[in-house]
>>> print(open('structure22.txt').read())   # compact mmCIF, C-alpha atoms
# COMPACT_ATOMS: atom_id res chain seq x y z
CA MET F 1 99.31 129.52 63.81
CA LYS F 2 96.05 127.60 63.58
CA LEU F 3 93.44 128.58 61.00
CA LEU F 4 89.89 127.37 60.51
CA LEU F 5 88.82 127.38 56.86
CA LEU F 6 85.10 127.32 56.07
CA GLU F 7 84.67 126.81 52.31
CA ASP F 8 82.05 124.52 50.77
CA ASP F 9 83.78 124.24 47.38
CA PRO F 10 85.97 121.14 47.95
CA ILE F 11 88.39 121.98 45.12
CA LEU F 12 88.95 125.57 46.26
CA SER F 13 89.20 124.42 49.87
CA GLU F 14 91.90 121.93 49.00
CA ILE F 15 93.84 124.50 46.95
CA ILE F 16 93.75 127.03 49.80
CA GLU F 17 94.66 124.44 52.42
CA GLU F 18 97.64 123.07 50.46
CA PHE F 19 98.97 126.56 49.75
CA LEU F 20 98.76 127.73 53.36
CA VAL F 21 100.22 124.49 54.73
CA GLU F 22 103.17 124.91 52.37
CA HIS F 23 103.73 128.28 54.05
CA GLY F 24 103.87 126.81 57.52
CA LEU F 25 100.28 127.32 58.66
CA HIS F 26 98.04 124.71 60.28
CA VAL F 27 94.67 124.64 58.49
CA THR F 28 91.52 122.77 59.49
CA PRO F 29 88.97 122.75 56.65
CA PHE F 30 85.19 122.62 57.03
CA PHE F 31 82.45 122.57 54.41
CA ASP F 32 79.49 123.11 56.74
CA GLY F 33 78.89 126.11 58.99
CA LYS F 34 77.40 124.13 61.85
CA GLU F 35 80.36 121.76 62.00
CA ALA F 36 82.73 124.72 61.86
CA ILE F 37 81.18 126.53 64.81
CA GLU F 38 81.13 123.34 66.88
CA ALA F 39 84.87 123.07 66.22
CA VAL F 40 85.44 126.70 67.30
CA PHE F 41 83.68 126.03 70.61
CA SER F 42 85.88 123.01 71.30
CA HIS F 43 89.27 123.95 69.81
CA PRO F 44 91.41 127.11 69.85
CA TYR F 45 91.93 128.88 66.51
CA ASP F 46 94.00 131.98 65.80
CA ILE F 47 92.21 133.15 62.62
CA LEU F 48 88.95 132.20 60.89
CA LEU F 49 88.67 132.16 57.09
CA LEU F 50 84.95 132.13 56.36
CA ASP F 51 82.95 131.83 53.19
CA ILE F 52 79.44 133.24 53.61
CA ASN F 53 77.12 131.07 51.52
CA VAL F 54 77.74 127.66 53.08
CA PRO F 55 75.40 124.85 54.24
CA SER F 56 73.66 124.77 57.64
CA LEU F 57 74.99 128.05 59.04
CA ASP F 58 76.23 130.94 56.89
CA GLY F 59 79.42 132.81 57.66
CA PHE F 60 77.64 135.93 58.95
CA SER F 61 75.50 133.91 61.36
CA LEU F 62 78.54 131.98 62.53
CA LEU F 63 80.43 135.15 63.41
CA LYS F 64 77.36 136.66 65.11
CA THR F 65 76.97 133.53 67.23
CA LEU F 66 80.58 133.82 68.33
CA ASN F 67 80.09 137.49 69.15
CA ASP F 68 77.04 136.66 71.26
CA ALA F 69 79.14 134.10 73.12
CA ASN F 70 81.87 136.73 73.62
CA ILE F 71 84.35 134.70 71.58
CA LYS F 72 86.60 137.06 69.65
CA ILE F 73 88.72 135.52 66.89
CA PRO F 74 90.14 137.59 63.99
CA THR F 75 88.03 136.74 60.94
CA ILE F 76 88.64 137.14 57.22
CA PHE F 77 85.67 136.65 54.91
CA ILE F 78 86.46 135.01 51.56
CA THR F 79 83.38 135.24 49.37
CA SER F 80 81.94 136.00 45.97
CA LEU F 81 79.50 138.47 47.55
CA ASN F 82 80.65 141.98 46.74
CA GLN F 83 77.67 144.26 47.28
CA ILE F 84 78.57 147.15 49.55
CA GLY F 85 75.79 146.17 51.93
CA GLU F 86 77.28 142.70 52.41
CA VAL F 87 80.75 144.14 52.95
CA LYS F 88 79.43 146.57 55.55
CA LYS F 89 77.57 143.76 57.30
CA GLY F 90 80.76 141.74 57.58
CA PHE F 91 82.72 144.62 59.09
CA ALA F 92 79.83 145.51 61.41
CA LEU F 93 80.06 142.00 62.82
CA GLY F 94 83.72 142.60 63.57
CA ALA F 95 85.40 140.99 60.56
CA GLU F 96 89.08 141.84 60.23
CA ASP F 97 89.16 141.73 56.44
CA TYR F 98 87.10 140.91 53.35
CA LEU F 99 88.54 139.19 50.26
CA LYS F 100 86.44 138.83 47.12
CA LYS F 101 86.61 135.70 44.96
CA PRO F 102 88.42 134.99 42.77
CA PHE F 103 91.57 136.07 44.58
CA ASP F 104 95.28 135.41 44.34
CA LEU F 105 96.57 133.01 47.01
CA GLU F 106 99.51 135.29 47.70
CA GLU F 107 97.06 138.09 48.49
CA LEU F 108 95.25 135.81 50.93
CA LEU F 109 98.56 135.00 52.62
CA SER F 110 99.36 138.72 52.85
CA ARG F 111 96.00 139.41 54.50
CA ILE F 112 96.62 136.59 56.98
CA GLU F 113 100.12 137.87 57.79
CA ARG F 114 98.74 141.39 58.26
CA THR F 115 96.12 140.06 60.68
CA GLN F 116 98.77 138.06 62.50
CA LYS F 117 100.88 141.18 63.03
CA LEU F 118 97.94 143.36 64.09
CA HIS F 119 96.91 140.88 66.76
CA ALA F 120 100.44 139.70 67.65
CA ILE F 121 99.38 136.12 67.00
CA GLY F 122 102.05 133.54 67.74
CA HIS F 123 104.69 136.03 68.85
CA SER F 124 103.85 136.92 72.40
CA LEU F 125 104.13 133.56 74.14
CA ARG F 126 107.43 132.68 75.74
CA VAL F 127 108.85 129.21 75.17
CA ASP F 128 110.04 127.24 78.19
CA LEU F 129 113.48 125.85 77.31
CA GLY F 130 114.00 123.99 80.55
CA ALA F 131 116.72 124.50 83.19
CA PHE F 132 115.00 127.76 84.24
CA HIS F 133 115.47 129.36 80.82
CA VAL F 134 112.79 130.73 78.48
CA TYR F 135 112.91 132.09 74.95
CA ASP F 136 111.08 135.35 74.27
CA PRO F 137 110.43 135.43 70.49
CA GLU F 138 108.91 138.90 70.58
CA ASN F 139 112.02 140.51 72.04
CA LEU F 140 114.48 137.95 70.60
CA CYS F 141 116.18 136.99 73.82
CA ILE F 142 116.86 134.03 76.08
CA ILE F 143 115.97 134.79 79.69
CA GLY F 144 117.80 132.89 82.40
CA PRO F 145 117.65 133.03 86.19
CA GLU F 146 120.49 135.54 86.35
CA ALA F 147 120.43 137.43 83.05
CA ALA F 148 118.71 137.99 79.71
CA HIS F 149 120.72 137.33 76.55
CA PRO F 150 119.70 139.31 73.44
CA LEU F 151 119.93 137.31 70.20
CA ARG F 152 120.98 138.44 66.78
CA ASN F 153 118.41 137.69 64.06
CA LYS F 154 120.28 134.68 62.75
CA GLU F 155 120.78 133.25 66.24
CA ALA F 156 117.04 133.57 66.88
CA GLN F 157 116.20 131.96 63.53
CA LEU F 158 118.53 129.06 64.25
CA LEU F 159 117.08 128.53 67.73
CA GLU F 160 113.51 128.65 66.40
CA TYR F 161 114.34 126.10 63.71
CA LEU F 162 115.88 123.74 66.26
CA LEU F 163 112.83 124.18 68.51
CA ALA F 164 110.46 123.49 65.62
CA ASN F 165 112.33 120.24 64.95
CA GLN F 166 113.13 119.24 68.52
CA GLY F 167 113.82 115.60 69.15
CA ARG F 168 115.22 114.84 65.70
CA ILE F 169 118.67 115.25 64.19
CA VAL F 170 118.94 118.37 62.03
CA ARG F 171 121.84 118.05 59.59
CA PHE F 172 124.25 120.86 58.78
CA GLU F 173 122.99 121.01 55.19
CA GLU F 174 119.39 121.36 56.35
CA ILE F 175 120.25 124.13 58.78
CA ILE F 176 122.11 126.04 56.09
CA GLU F 177 119.29 125.61 53.59
CA GLN F 178 116.46 126.51 55.96
CA VAL F 179 118.05 129.21 58.12
CA TRP F 180 120.32 130.98 55.67
CA ARG F 181 118.13 130.32 52.60
CA PHE F 182 119.12 132.70 49.80
CA GLU F 183 121.88 134.48 51.67
CA GLU F 184 125.59 133.79 51.37
CA VAL F 185 126.12 130.10 52.16
CA PRO F 186 127.94 129.71 55.49
CA THR F 187 130.48 127.02 56.33
CA HIS F 188 129.93 124.30 58.90
CA ALA F 189 132.29 126.29 61.13
CA THR F 190 129.92 129.24 60.97
CA VAL F 191 127.01 127.08 62.10
CA ARG F 192 129.15 125.68 64.94
CA SER F 193 129.95 129.24 66.03
CA TYR F 194 126.26 130.14 66.25
CA ILE F 195 125.51 126.95 68.17
CA LYS F 196 128.35 127.70 70.56
CA THR F 197 126.86 131.14 71.24
CA LEU F 198 123.40 129.69 71.94
CA ARG F 199 124.90 127.12 74.30
CA SER F 200 126.71 129.87 76.19
CA TYR F 201 123.31 131.37 77.06
CA GLY F 202 122.42 128.41 79.25
CA LEU F 203 121.48 125.84 76.60
CA GLU F 204 124.54 123.62 76.98
CA GLY F 205 122.54 120.56 77.96
CA MET F 206 119.74 121.16 75.48
CA ILE F 207 121.51 121.32 72.13
CA GLU F 208 123.11 117.95 71.44
CA ASN F 209 126.02 117.68 69.00
CA ILE F 210 125.77 114.74 66.59
CA LYS F 211 129.40 114.57 65.55
CA GLY F 212 129.96 115.21 61.86
CA VAL F 213 126.21 115.26 61.16
CA GLY F 214 124.44 118.15 62.87
CA TYR F 215 122.49 118.91 66.05
CA ARG F 216 119.44 117.86 67.99
CA PHE F 217 117.43 119.97 70.43
CA LYS F 218 116.30 117.66 73.22
CA CYS F 219 112.54 117.37 73.60
CA LEU F 220 111.09 119.78 76.14
>>> encode(input="structure22.txt", output="structure tokens")
Amino acid sequence: MKLLLLEDDPILSEIIEEFLVEHGLHVTPFFDGKEAIEAVFSHPYDILLLDINVPSLDGFSLLKTLNDANIKIPTIFITSLNQIGEVKKGFALGAEDYLKKPFDLEELLSRIERTQKLHAIGHSLRVDLGAFHVYDPENLCIIGPEAAHPLRNKEAQLLEYLLANQGRIVRFEEIIEQVWRFEEVPTHATVRSYIKTLRSYGLEGMIENIKGVGYRFKCL
């Protein structure tokens, strides 16, 4: 998920960017409204995080310009302005949410995740796996030329992790740490069993076994 962050306080901008990146989001920071809107016109973004009082072009004017151009991107205002008139103005322009400074970073993340779910951002696109197979992350299934194969949650999580790291060797220990996290630690045999299941759904030639080390999903 790609976010544009417009915040003219360099320290706050860096704090927000580092926090969101740590949580798996791609963040492009801007300190100037004019530069930000030029970026929106030339690059796709999933969510806009906009301060209001910024140089060149304020956050309200930026969103209005996008509306006039019929560009609709979910927008969250992050600002110290808290007068009811300002809040109403933001929502009238089509803002998704409004977060008053100072705010907790976890709250910001929750607002972003809520917006992501409301707009189904990042979950509706199918992933081409090659060999006439696609992965549907919304319905958790692998669709082949002859049948669709529903995945259990852990199978889907394992496949998504391999896809996110395609082209490189993912060790057993890394898979266990990243996919199972705080749950009961599985054995290497358990991981092999899940891989075997995924391969049986038409991915035999895509998931490479690195003997005694782990697996590698071949680059698409």
>>> residues_around(input="structure22.txt", residues="Lys211 of chain F", least_positions_apart="3", cutoff="12 Å", atoms="only C-alpha atoms", output="ChimeraX atom specification")
/F:169-172,188,192,208,214-216
>>> closest_residue(input="structure22.txt", among="F:Tyr98, F:Asp104, F:Glu184, F:Met1", to="Ala120 of chain F", atoms="all atoms listed in the file")
F:Met1
>>> atom_distance(input="structure22.txt", atom1="atom CA of Asn53 of chain F", atom2="atom CA of Phe77 of chain F")
10.8 Å
>>> closest_residue(input="structure22.txt", among="F:Gly59, F:Gly94, F:Pro10, F:Gly167", to="Gly33 of chain F", atoms="all atoms listed in the file")
F:Gly59
>>> closest_atom_pairs(input="structure22.txt", of="segment 159-183 of chain F", to="segment 147-154 of chain F", cutoff="9 Å", atoms="all atoms listed in the file", output="JSON lines")
{"residue": "F:Leu159", "atom": "CA", "partner": "F:Lys154", "partner_atom": "CA", "distance": 8.5}
{"residue": "F:Val179", "atom": "CA", "partner": "F:Lys154", "partner_atom": "CA", "distance": 7.5}
{"residue": "F:Trp180", "atom": "CA", "partner": "F:Lys154", "partner_atom": "CA", "distance": 8.0}
>>> closest_residue(input="structure22.txt", among="F:Glu38, F:Asp46, F:Asp51, F:Glu174", to="Ser13 of chain F", atoms="only C-alpha atoms")
F:Asp51
>>> closest_residue(input="structure22.txt", among="F:Pro55, F:Pro29, F:Gly144, F:Gly24", to="Phe132 of chain F", atoms="only C-alpha atoms")
F:Gly144
